[in-house]
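Raw input_7.cif, mmCIF, C-alpha atoms:
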```
data_model
loop_
_atom_site.label_atom_id
_atom_site.label_comp_id
_atom_site.auth_asym_id
_atom_site.auth_seq_id
_atom_site.Cartn_x
_atom_site.Cartn_y
_atom_site.Cartn_z
CA GLN A 1 0.00 0.00 0.00
CA THR A 2 3.04 2.25 0.10
CA ALA A 3 4.27 3.87 -3.11
CA GLU A 4 7.18 5.80 -1.65
CA ILE A 5 9.00 6.58 1.59
CA VAL A 6 11.50 9.44 1.56
CA LEU A 7 13.83 10.38 4.43
CA GLY A 8 15.85 13.61 4.52
CA LEU A 9 18.41 15.41 6.65
CA GLY A 10 19.43 19.05 6.36
CA VAL A 11 20.73 22.12 8.17
CA ALA A 12 19.07 25.53 7.87
CA ASP A 13 18.25 28.58 10.01
CA GLY A 14 20.32 27.30 12.92
CA HIS A 15 18.47 23.95 13.12
CA LEU A 16 19.15 20.34 12.26
CA ASN A 17 16.13 19.29 10.19
CA LEU A 18 14.89 15.71 9.82
CA HIS A 19 11.95 14.94 7.58
CA GLY A 20 10.14 11.97 6.14
CA ARG A 21 7.37 11.57 3.60
CA LEU A 22 4.99 8.65 3.14
CA ALA A 23 3.15 8.39 -0.19
CA PRO A 24 0.43 5.71 -0.49
CA VAL A 25 -0.62 3.73 -3.52
CA ALA A 26 -3.80 5.27 -4.95
CA GLY A 27 -7.00 3.42 -4.14
CA THR A 28 -5.62 1.60 -1.09
CA THR A 29 -6.85 1.61 2.50
CA LEU A 30 -3.76 3.61 3.46
CA ALA A 31 -4.57 6.28 0.88
CA ALA A 32 -8.19 6.45 2.02
CA TRP A 33 -7.19 6.75 5.68
CA LEU A 34 -4.57 9.46 5.05
CA GLY A 35 -7.27 11.41 3.23
CA THR A 36 -9.33 11.59 6.44
CA LEU A 37 -6.61 13.22 8.56
CA GLN A 38 -7.41 16.76 9.63
CA ALA A 39 -6.38 19.43 12.11
CA PRO A 40 -6.88 18.35 15.77
CA GLY A 41 -9.96 19.85 17.43
CA ALA A 42 -9.72 22.70 19.95
CA ALA A 43 -10.37 20.27 22.84
CA THR A 44 -6.90 18.73 22.41
CA ALA A 45 -5.36 22.00 23.64
CA ALA A 46 -6.80 21.29 27.10
CA VAL A 47 -3.83 19.05 27.93
CA ALA A 48 -1.24 21.45 26.48
CA LEU A 49 -0.44 22.94 29.88
CA PRO A 50 2.21 25.68 29.75
CA GLU A 51 4.52 23.85 32.18
CA ALA A 52 4.44 20.56 30.22
CA LEU A 53 7.80 18.95 29.45
CA ALA A 54 6.41 17.12 26.43
CA VAL A 55 3.15 17.65 24.52
CA GLU A 56 1.58 16.19 21.41
CA THR A 57 -1.77 17.00 19.82
CA ALA A 58 -2.89 15.00 16.81
CA ASN A 59 -5.72 13.72 14.70
CA ALA A 60 -5.80 10.05 13.73
CA GLY A 61 -8.45 10.40 11.07
CA ASN A 62 -11.26 7.91 10.50
CA LEU A 63 -10.10 4.92 12.53
CA ASP A 64 -12.99 2.80 11.28
CA LEU A 65 -10.94 2.38 8.10
CA LEU A 66 -8.09 0.83 10.08
CA ALA A 67 -10.25 -1.35 12.35
CA PRO A 68 -10.27 -4.44 10.08
CA VAL A 69 -6.48 -4.38 9.76
CA TYR A 70 -5.97 -3.84 13.49
CA PHE A 71 -8.32 -6.62 14.55
CA ARG A 72 -6.87 -9.10 12.05
CA PHE A 73 -3.52 -8.45 13.71
CA LEU A 74 -5.01 -8.75 17.22
CA GLU A 75 -6.71 -12.05 16.45
CA LYS A 76 -3.56 -13.51 14.88
CA LEU A 77 -1.64 -12.43 17.98
CA MET A 78 -4.15 -14.23 20.19
CA ASP A 79 -3.86 -17.32 18.03
CA THR A 80 -0.34 -17.69 19.39
CA LEU A 81 -1.70 -18.23 22.92
CA PRO A 82 -2.43 -21.85 23.89
CA ALA A 83 -6.09 -22.71 24.57
CA GLU A 84 -5.23 -23.67 28.15
CA VAL A 85 -3.93 -20.14 28.69
CA LEU A 86 -6.75 -18.28 26.91
CA ALA A 87 -9.97 -20.19 26.35
CA PRO A 88 -11.65 -19.51 22.97
CA GLU A 89 -14.81 -18.15 24.61
CA LYS A 90 -12.77 -15.74 26.75
CA ARG A 91 -10.84 -14.61 23.70
CA GLN A 92 -14.08 -13.86 21.85
CA VAL A 93 -15.39 -11.78 24.78
CA TYR A 94 -12.18 -9.75 24.82
CA VAL A 95 -12.14 -9.14 21.05
CA GLU A 96 -15.80 -8.06 20.96
CA HIS A 97 -15.21 -5.67 23.86
CA GLU A 98 -12.18 -4.19 22.12
CA LYS A 99 -14.16 -3.70 18.92
CA ALA A 100 -16.94 -1.89 20.77
CA CYS A 101 -14.45 0.45 22.48
CA PHE A 102 -12.45 1.04 19.29
CA ALA A 103 -15.64 2.00 17.44
CA GLN A 104 -16.09 4.95 19.84
CA LEU A 105 -12.77 6.63 18.92
CA ALA A 106 -13.41 9.90 17.10
CA GLY A 107 -9.82 10.58 15.98
CA ASP A 108 -8.49 13.40 18.16
CA VAL A 109 -5.77 12.54 20.69
CA ALA A 110 -3.44 14.58 22.90
CA PHE A 111 -0.83 13.77 25.52
CA ALA A 112 1.30 15.78 27.95
CA LEU A 113 4.07 14.80 30.36
CA LEU A 114 4.31 17.23 33.28
CA PRO A 115 7.14 18.03 35.74
CA PRO A 116 7.34 15.33 38.44
CA SER A 117 7.12 15.98 42.16
CA LYS A 118 8.06 13.96 45.23
CA GLU A 119 4.39 13.16 45.84
CA PHE A 120 3.67 12.40 42.18
CA PRO A 121 6.85 11.20 40.39
CA LEU A 122 4.69 10.51 37.33
CA ARG A 123 2.38 13.30 36.20
CA LEU A 124 0.67 13.09 32.85
CA ALA A 125 -2.48 14.15 31.05
CA GLU A 126 -4.27 12.70 28.04
CA TYR A 127 -7.30 13.50 25.93
CA VAL A 128 -9.12 11.11 23.60
CA GLY A 129 -11.97 12.27 21.39
CA LEU A 130 -15.04 10.01 21.52
CA LYS A 131 -18.24 9.61 19.54
CA ASP A 132 -20.26 8.81 22.68
CA SER A 133 -18.56 9.35 26.04
CA ALA A 134 -21.45 7.85 28.02
CA ALA A 135 -21.42 4.66 25.94
CA LEU A 136 -17.73 4.07 26.56
CA ARG A 137 -18.03 4.91 30.27
CA ALA A 138 -20.73 2.25 30.59
CA LYS A 139 -18.10 -0.33 29.59
CA LEU A 140 -15.55 0.79 32.18
CA THR A 141 -16.22 -2.00 34.69
CA ASP A 142 -15.83 -4.64 31.99
CA THR A 143 -12.70 -2.87 30.70
CA VAL A 144 -11.03 -3.08 34.11
CA GLN A 145 -11.98 -6.73 34.62
CA LEU A 146 -10.77 -7.74 31.17
CA ALA A 147 -7.52 -5.80 31.69
CA ASN A 148 -6.85 -7.84 34.83
CA ASP A 149 -7.69 -11.09 33.07
CA MET A 150 -5.58 -10.37 30.00
CA PHE A 151 -2.57 -9.32 32.04
CA GLN A 152 -2.65 -12.61 33.90
CA VAL A 153 -3.03 -14.45 30.59
CA MET A 154 -0.02 -12.70 29.05
CA MET A 155 2.12 -13.37 32.11
CA ALA A 156 1.12 -17.03 32.16
CA ALA A 157 2.09 -17.32 28.49
CA GLU A 158 5.57 -15.94 29.19
CA THR A 159 6.62 -18.14 32.09
CA ASN A 160 5.59 -21.19 34.05
CA ALA A 161 7.38 -20.00 37.20
CA PRO A 162 5.55 -18.01 39.91
CA LEU A 163 5.83 -14.30 39.23
CA PRO A 164 7.48 -12.04 41.84
CA LEU A 165 4.73 -9.44 41.35
CA LYS A 166 1.08 -9.08 40.48
CA VAL A 167 -0.50 -6.22 38.56
CA GLN A 168 -3.99 -5.26 39.60
CA PHE A 169 -6.50 -2.75 38.21
CA ALA A 170 -9.45 -1.62 40.31
CA LEU A 171 -12.12 1.07 40.29
CA ALA A 172 -12.44 3.41 43.26
CA GLU A 173 -15.32 5.68 44.28
CA PRO A 174 -16.40 8.01 41.44
CA ARG A 175 -17.04 11.73 41.93
CA GLU A 176 -18.26 14.76 40.05
CA TYR A 177 -16.61 18.07 39.22
CA ARG A 178 -18.60 20.82 37.52
CA GLU A 179 -21.27 18.21 36.72
CA ILE A 180 -18.67 16.12 34.90
CA ALA A 181 -18.43 12.47 35.97
CA VAL A 182 -14.94 11.56 37.19
CA ASP A 183 -13.96 7.91 37.66
CA LYS A 184 -10.86 6.71 39.43
CA MET A 185 -8.91 3.65 38.31
CA VAL A 186 -6.18 2.35 40.60
CA TYR A 187 -3.19 0.58 39.06
CA SER A 188 -1.17 -1.28 41.68
CA LEU A 189 1.81 -3.59 41.87
CA GLU A 190 1.66 -6.28 44.53
CA LEU A 191 5.28 -7.25 45.18
CA GLY A 192 6.60 -10.52 46.46
CA SER A 193 8.71 -10.34 49.63
CA GLU A 194 12.05 -10.65 47.82
CA LEU A 195 11.20 -8.04 45.19
CA ALA A 196 9.71 -5.72 47.83
CA ALA A 197 13.04 -5.74 49.68
CA LEU A 198 14.82 -4.54 46.51
CA TRP A 199 12.18 -2.08 45.30
CA PRO A 200 13.37 1.59 45.40
CA PRO A 201 11.24 3.53 47.93
CA ALA A 202 10.95 6.50 45.57
CA ILE A 203 9.12 4.44 42.92
CA PRO A 204 5.43 4.08 43.82
CA THR A 205 3.70 0.73 43.62
CA LYS A 206 0.31 2.38 43.11
CA PHE A 207 -0.93 4.94 40.59
CA GLU A 208 -4.35 6.55 40.55
CA ILE A 209 -5.72 7.45 37.11
CA GLU A 210 -8.70 9.77 37.03
CA LEU A 211 -11.01 9.79 33.99
CA ALA A 212 -13.18 12.86 33.38
CA TRP A 213 -15.93 12.24 30.82
CA VAL A 214 -16.23 15.64 29.14
CA PRO A 215 -18.57 16.22 26.17
CA GLY A 216 -17.04 14.67 23.08
CA GLY A 217 -14.18 12.90 24.84
CA VAL A 218 -12.43 11.72 27.98
CA LEU A 219 -9.59 13.34 29.91
CA ALA A 220 -7.20 11.05 31.78
CA ALA A 221 -4.77 12.30 34.41
CA VAL A 222 -2.14 10.90 36.75
CA GLY A 223 -1.06 13.43 39.35
CA GLY A 224 -3.89 14.09 41.78
CA PRO A 225 -7.40 15.61 41.78
CA ALA A 226 -6.18 19.18 41.22
CA LEU A 227 -4.66 18.19 37.89
CA VAL A 228 -7.77 16.59 36.44
CA GLU A 229 -9.88 19.52 37.67
CA SER A 230 -7.62 22.01 35.87
CA LEU A 231 -7.98 19.94 32.70
CA VAL A 232 -11.77 19.92 33.00
CA ASP A 233 -11.75 23.69 33.48
CA ARG A 234 -9.69 24.15 30.33
CA ALA A 235 -11.91 21.78 28.35
CA LEU A 236 -15.19 23.38 29.46
CA ASP A 237 -14.08 27.01 29.38
CA GLY A 238 -12.15 26.77 26.10
CA GLY A 239 -9.58 29.31 25.01
CA ALA A 240 -6.50 27.15 25.69
CA ALA A 241 -3.65 28.09 23.35
CA PRO A 242 -3.04 25.50 20.60
CA LEU A 243 0.42 23.99 20.70
CA ALA A 244 1.30 25.49 17.30
CA THR A 245 1.01 28.97 18.85
CA TRP A 246 3.62 28.34 21.56
CA PRO A 247 6.69 30.58 21.11
CA ALA A 248 9.10 27.64 21.39
CA TRP A 249 7.32 25.78 18.59
CA GLN A 250 7.00 28.87 16.40
CA ALA A 251 10.71 29.56 16.78
CA ALA A 252 11.33 26.31 14.89
CA TYR A 253 8.47 26.76 12.42
CA PRO A 254 7.91 30.50 11.83
CA ASP A 255 5.92 29.78 8.66
CA PRO A 256 4.29 26.35 9.14
CA ASP A 257 1.98 24.53 6.77
CA ARG A 258 -1.69 25.35 7.32
CA ASN A 259 -2.88 21.73 7.28
CA LEU A 260 -1.13 20.44 10.39
CA VAL A 261 -2.49 17.10 11.61
CA ASP A 262 0.12 16.44 14.32
CA VAL A 263 2.14 18.90 16.42
CA SER A 264 4.58 18.05 19.22
CA HIS A 265 6.99 19.80 21.57
CA VAL A 266 9.60 18.18 23.83
CA ALA A 267 11.76 20.25 26.17
CA LEU A 268 14.40 17.52 26.18
CA PHE A 269 16.92 19.11 28.56
CA ASP A 270 14.20 20.22 30.96
CA LEU A 271 12.63 16.75 30.93
CA VAL A 272 15.87 14.90 31.64
CA ARG A 273 16.90 17.48 34.24
CA ALA A 274 13.56 17.21 36.05
CA TYR A 275 13.68 13.43 36.40
CA LEU A 276 17.38 13.33 37.29
CA GLY A 277 16.65 16.02 39.87
CA LEU A 278 14.06 13.72 41.41
CA VAL A 279 16.67 10.94 41.55
CA ASP A 280 19.19 13.34 43.09
CA ALA A 281 16.71 14.33 45.81
CA ASN A 282 16.19 10.68 46.76
CA VAL A 283 19.72 9.28 46.62
CA GLY A 284 21.88 12.36 47.21
CA SER A 285 23.49 12.32 43.76
CA ALA A 286 24.08 15.26 41.41
CA TYR A 287 23.19 13.80 38.03
CA ALA A 288 21.06 16.78 37.00
CA ALA A 289 24.21 18.91 36.82
CA TYR A 290 25.29 16.84 33.80
CA VAL A 291 22.41 18.20 31.69
CA PRO A 292 23.21 21.22 29.48
CA GLU A 293 21.59 24.53 30.32
CA GLY A 294 18.48 25.64 28.48
CA SER A 295 15.39 23.70 27.43
CA GLY A 296 16.82 21.71 24.51
CA ASN A 297 13.58 21.87 22.54
CA LEU A 298 12.63 19.26 19.94
CA GLU A 299 9.76 20.50 17.76
CA SER A 300 7.91 18.39 15.22
CA CYS A 301 4.85 18.42 13.00
CA SER A 302 3.06 16.42 10.33
CA TYR A 303 0.86 17.59 7.47
CA LEU A 304 -0.64 16.33 4.24
CA MET A 305 1.37 16.66 1.04
CA ASP A 306 0.65 13.97 -1.56
CA GLY A 307 0.60 11.63 1.41
CA ALA A 308 1.95 12.61 4.80
CA MET A 309 5.04 14.69 5.56
CA SER A 310 6.66 14.74 9.02
CA ARG A 311 9.37 17.12 10.24
CA LEU A 312 11.51 17.37 13.36
CA ARG A 313 13.87 20.22 14.26
CA ILE A 314 16.46 20.80 16.99
CA ARG A 315 18.73 23.82 17.39
CA LEU A 316 22.37 23.38 16.38
CA ASP A 317 23.35 25.29 19.54
CA ASP A 318 21.67 22.59 21.63
CA ILE A 319 23.55 19.85 19.79
CA ALA A 320 26.80 21.76 20.45
CA ALA A 321 25.81 22.10 24.13
CA ILE A 322 25.39 18.32 24.40
CA SER A 323 28.83 17.78 22.88
CA ALA A 324 30.41 20.38 25.20
CA LYS A 325 28.79 18.83 28.27
CA ILE A 326 30.06 15.37 27.32
CA GLN A 327 33.59 16.75 26.94
CA GLU A 328 33.29 18.55 30.29
CA VAL A 329 32.18 15.38 32.06
CA GLN A 330 34.99 13.37 30.44
CA ALA A 331 37.59 15.99 31.49
CA LYS A 332 36.33 15.95 35.08
CA ALA A 333 36.41 12.17 35.16
CA MET A 334 39.98 12.12 33.85
CA ALA A 335 41.08 14.76 36.37
CA ALA A 336 39.50 12.81 39.21
CA ALA A 337 41.23 9.61 38.08
CA MET A 338 44.65 11.34 38.02
CA ALA A 339 44.23 13.22 41.31
CA PRO A 340 46.27 11.97 44.32
CA PRO A 341 44.42 10.44 47.24
CA ALA A 342 42.79 12.86 49.66
CA GLY A 343 45.23 14.36 52.17
CA VAL A 344 48.29 13.59 50.08
CA ASP A 345 50.35 16.44 48.60
CA ALA A 346 50.75 15.87 44.88
CA GLU A 347 54.42 17.06 45.01
CA SER A 348 55.24 14.51 47.69
CA VAL A 349 54.04 11.61 45.64
CA GLU A 350 57.05 9.75 44.29
CA PRO A 351 56.84 8.08 40.94
CA ALA A 352 55.87 4.49 41.30
CA GLU A 353 58.61 1.95 40.74
CA ALA A 354 58.31 -0.02 37.57
CA PRO A 355 56.88 -3.47 38.12
CA ALA A 356 59.41 -6.25 38.41
CA GLY A 357 58.18 -7.70 35.17
CA ASP A 358 59.14 -4.47 33.37
CA GLU A 359 62.80 -4.44 34.48
CA PRO A 360 65.30 -5.04 31.66
CA ALA A 361 66.69 -8.52 31.55
CA PRO A 362 70.36 -8.83 32.62
CA ALA A 363 72.80 -8.99 29.73
CA ALA A 364 73.68 -12.50 28.82
CA GLU A 365 77.22 -13.57 29.85
CA GLU A 366 79.67 -14.18 27.06
CA PRO A 367 80.18 -17.87 26.51
CA ALA A 368 83.44 -19.35 27.81
CA PRO A 369 86.01 -20.02 25.09
CA ALA A 370 85.92 -23.51 23.76
CA ALA A 371 88.53 -25.88 25.25
CA GLU A 372 91.61 -26.64 23.15
CA PRO A 373 91.56 -30.15 21.76
CA ALA A 374 93.87 -32.55 23.62
CA PRO A 375 97.15 -33.42 21.85
CA ALA A 376 97.14 -36.71 20.06
CA ALA A 377 98.75 -39.60 21.99
CA ALA A 378 102.22 -40.58 20.86
CA GLU A 379 102.32 -43.68 18.86
#
```
Could you render the structure as structure tokens?
Amino acid sequence: QTAEIVLGLGVADGHLNLHGRLAPVAGTTLAAWLGTLQAPGAATAAVALPEALAVETANAGNLDLLAPVYFRFLEKLMDTLPAEVLAPEKRQVYVEHEKACFAQLAGDVAFALLPPSKEFPLRLAEYVGLKDSAALRAKLTDTVQLANDMFQVMMAAETNAPLPLKVQFALAEPREYREIAVDKMVYSLELGSELAALWPPAIPTKFEIELAWVPGGVLAAVGGPALVESLVDRALDGGAAPLATWPAWQAAYPDPDRNLVDVSHVALFDLVRAYLGLVDANVGSAYAAYVPEGSGNLESCSYLMDGAMSRLRIRLDDIAAISAKIQEVQAKAMAAAMAPPAGVDAESVEPAEAPAGDEPAPAAEEPAPAAEPAPAAAE
């Protein structure tokens, strides 16, 4: 179904530019699906919080066109599981449930990774556009139960030995915010005694995911009630700035294509620095100091152009900053390796004697002169 794939690399306007183009064969499912891609709806901007370390807003087009392909793949994947691991009737229940949920996807999606905190080391937000939010919410209990069942099935297929952990999904008490239904799903790891003794205290074994069923979609958030409430406010009140209007993104694309179907922003240096800073706070290290200064932005977009064109740009100055930081770290490591032990004056350190094996071998003695032959006996 693919007529052409083109990859390119270039340098211009102070950026390293990567781009790729996918051209479909006319009349194929791929061509038909690409033709349905459009600009993401305004609701996707709800998750594009100004403090986000990484954001993507996109439109996935008419997913009904891809459903047959996806479910053929899913069913073939399930065919690899033995019947004693996944009974045929259970498999059919799972596939039918997945088809019903998939049919509700309207195409718009958005995701944001937010700065971590000690209380919430993982903070993220997501939006998924839906045809009927209430219809999908009605399946939530079944979704959670099937998720538990399928996880156990997949683990059983991988190993016959007892697992050192158990993954469990559960629903907690729902609530409302501004007349929007908010469900809470709890994802927990139940650790065996040996694994629990090794598990880092800073890594939670439980995450709470809140789902807010706004008109036309669902907002998902990990990071506490205040986060999901701020997302609901942005979705209901409108007016959130689209990602393509952010100054950082516009600095990379001052004159972008009008038909953007996917826009993303990653503050790479800020992201790495934030998570290393969290590690530093827990173990007393200083890894965050190894990250170059600045945000280190990666900006990308996709748009339609006889198929689909995707671009990614990063500043050359940021690439140079990475190289300089690597050299700085290497120089410090070398200096530390050559430094004398603490409390020892470098001038008082005598050169180490050469190892015995390195001493020159003694010169070989000259061989003794050969003995004169004895005189012949007189006859």
With all atoms listed in the file counted and 12 Å as the cut-off, give the residues of segment 186-252 of chain A in contact with segment 113-117 of chain A, each with its shortest interatomic distance in Å and the pair that gives it, as a Markdown table.
```
| residue | atom | partner | partner_atom | distance |
| --- | --- | --- | --- | --- |
| A:Ala202 | CA | A:Ser117 | CA | 10.8 |
| A:Ile203 | CA | A:Ser117 | CA | 11.7 |
| A:Ala220 | CA | A:Leu113 | CA | 12.0 |
| A:Ala221 | CA | A:Leu113 | CA | 10.0 |
| A:Val222 | CA | A:Leu114 | CA | 9.7 |
| A:Gly223 | CA | A:Pro116 | CA | 8.7 |
| A:Gly224 | CA | A:Ser117 | CA | 11.2 |
| A:Leu227 | CA | A:Leu114 | CA | 10.1 |
```
Can you tell me, as a PDB file with C-alpha atoms, in the coordinates of the input, what residues are no more than 10 Å from Val6 of chain A when counting all atoms listed in the file, ignoring any on the same chain fewer than 2 positions away?
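Heads up, here's the output in selection.pdb:
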```pdb
ATOM      1  CA  GLU A   4       7.180   5.800  -1.650  1.00  0.00           C
ATOM      2  CA  GLY A   8      15.850  13.610   4.520  1.00  0.00           C
ATOM      3  CA  HIS A  19      11.950  14.940   7.580  1.00  0.00           C
ATOM      4  CA  GLY A  20      10.140  11.970   6.140  1.00  0.00           C
ATOM      5  CA  ARG A  21       7.370  11.570   3.600  1.00  0.00           C
ATOM      6  CA  LEU A  22       4.990   8.650   3.140  1.00  0.00           C
ATOM      7  CA  ALA A  23       3.150   8.390  -0.190  1.00  0.00           C
ATOM      8  CA  MET A 309       5.040  14.690   5.560  1.00  0.00           C
TER       9      MET A 309
END
```
(message) Just to confirm, what's the straight-line distance from atom CA of Ala103 of chain A to atom CA of Glu75 of chain A in Å (one decimal)?
(response) 16.7 Å
(request) Find the residues around Val218 of chain A up to 6 Å (all atoms listed in the file counted), leave out those fewer than 6 positions away in its own chain, and share them as a list in words. (result) Tyr127, Val128 and Ala212 of chain A
(request) May I ask which of the residues A:Pro247, A:Gly277, A:Gly192, A:Pro341 is the closest one to Asn297 of chain A, counting all atoms listed in the file? (result) A:Pro247
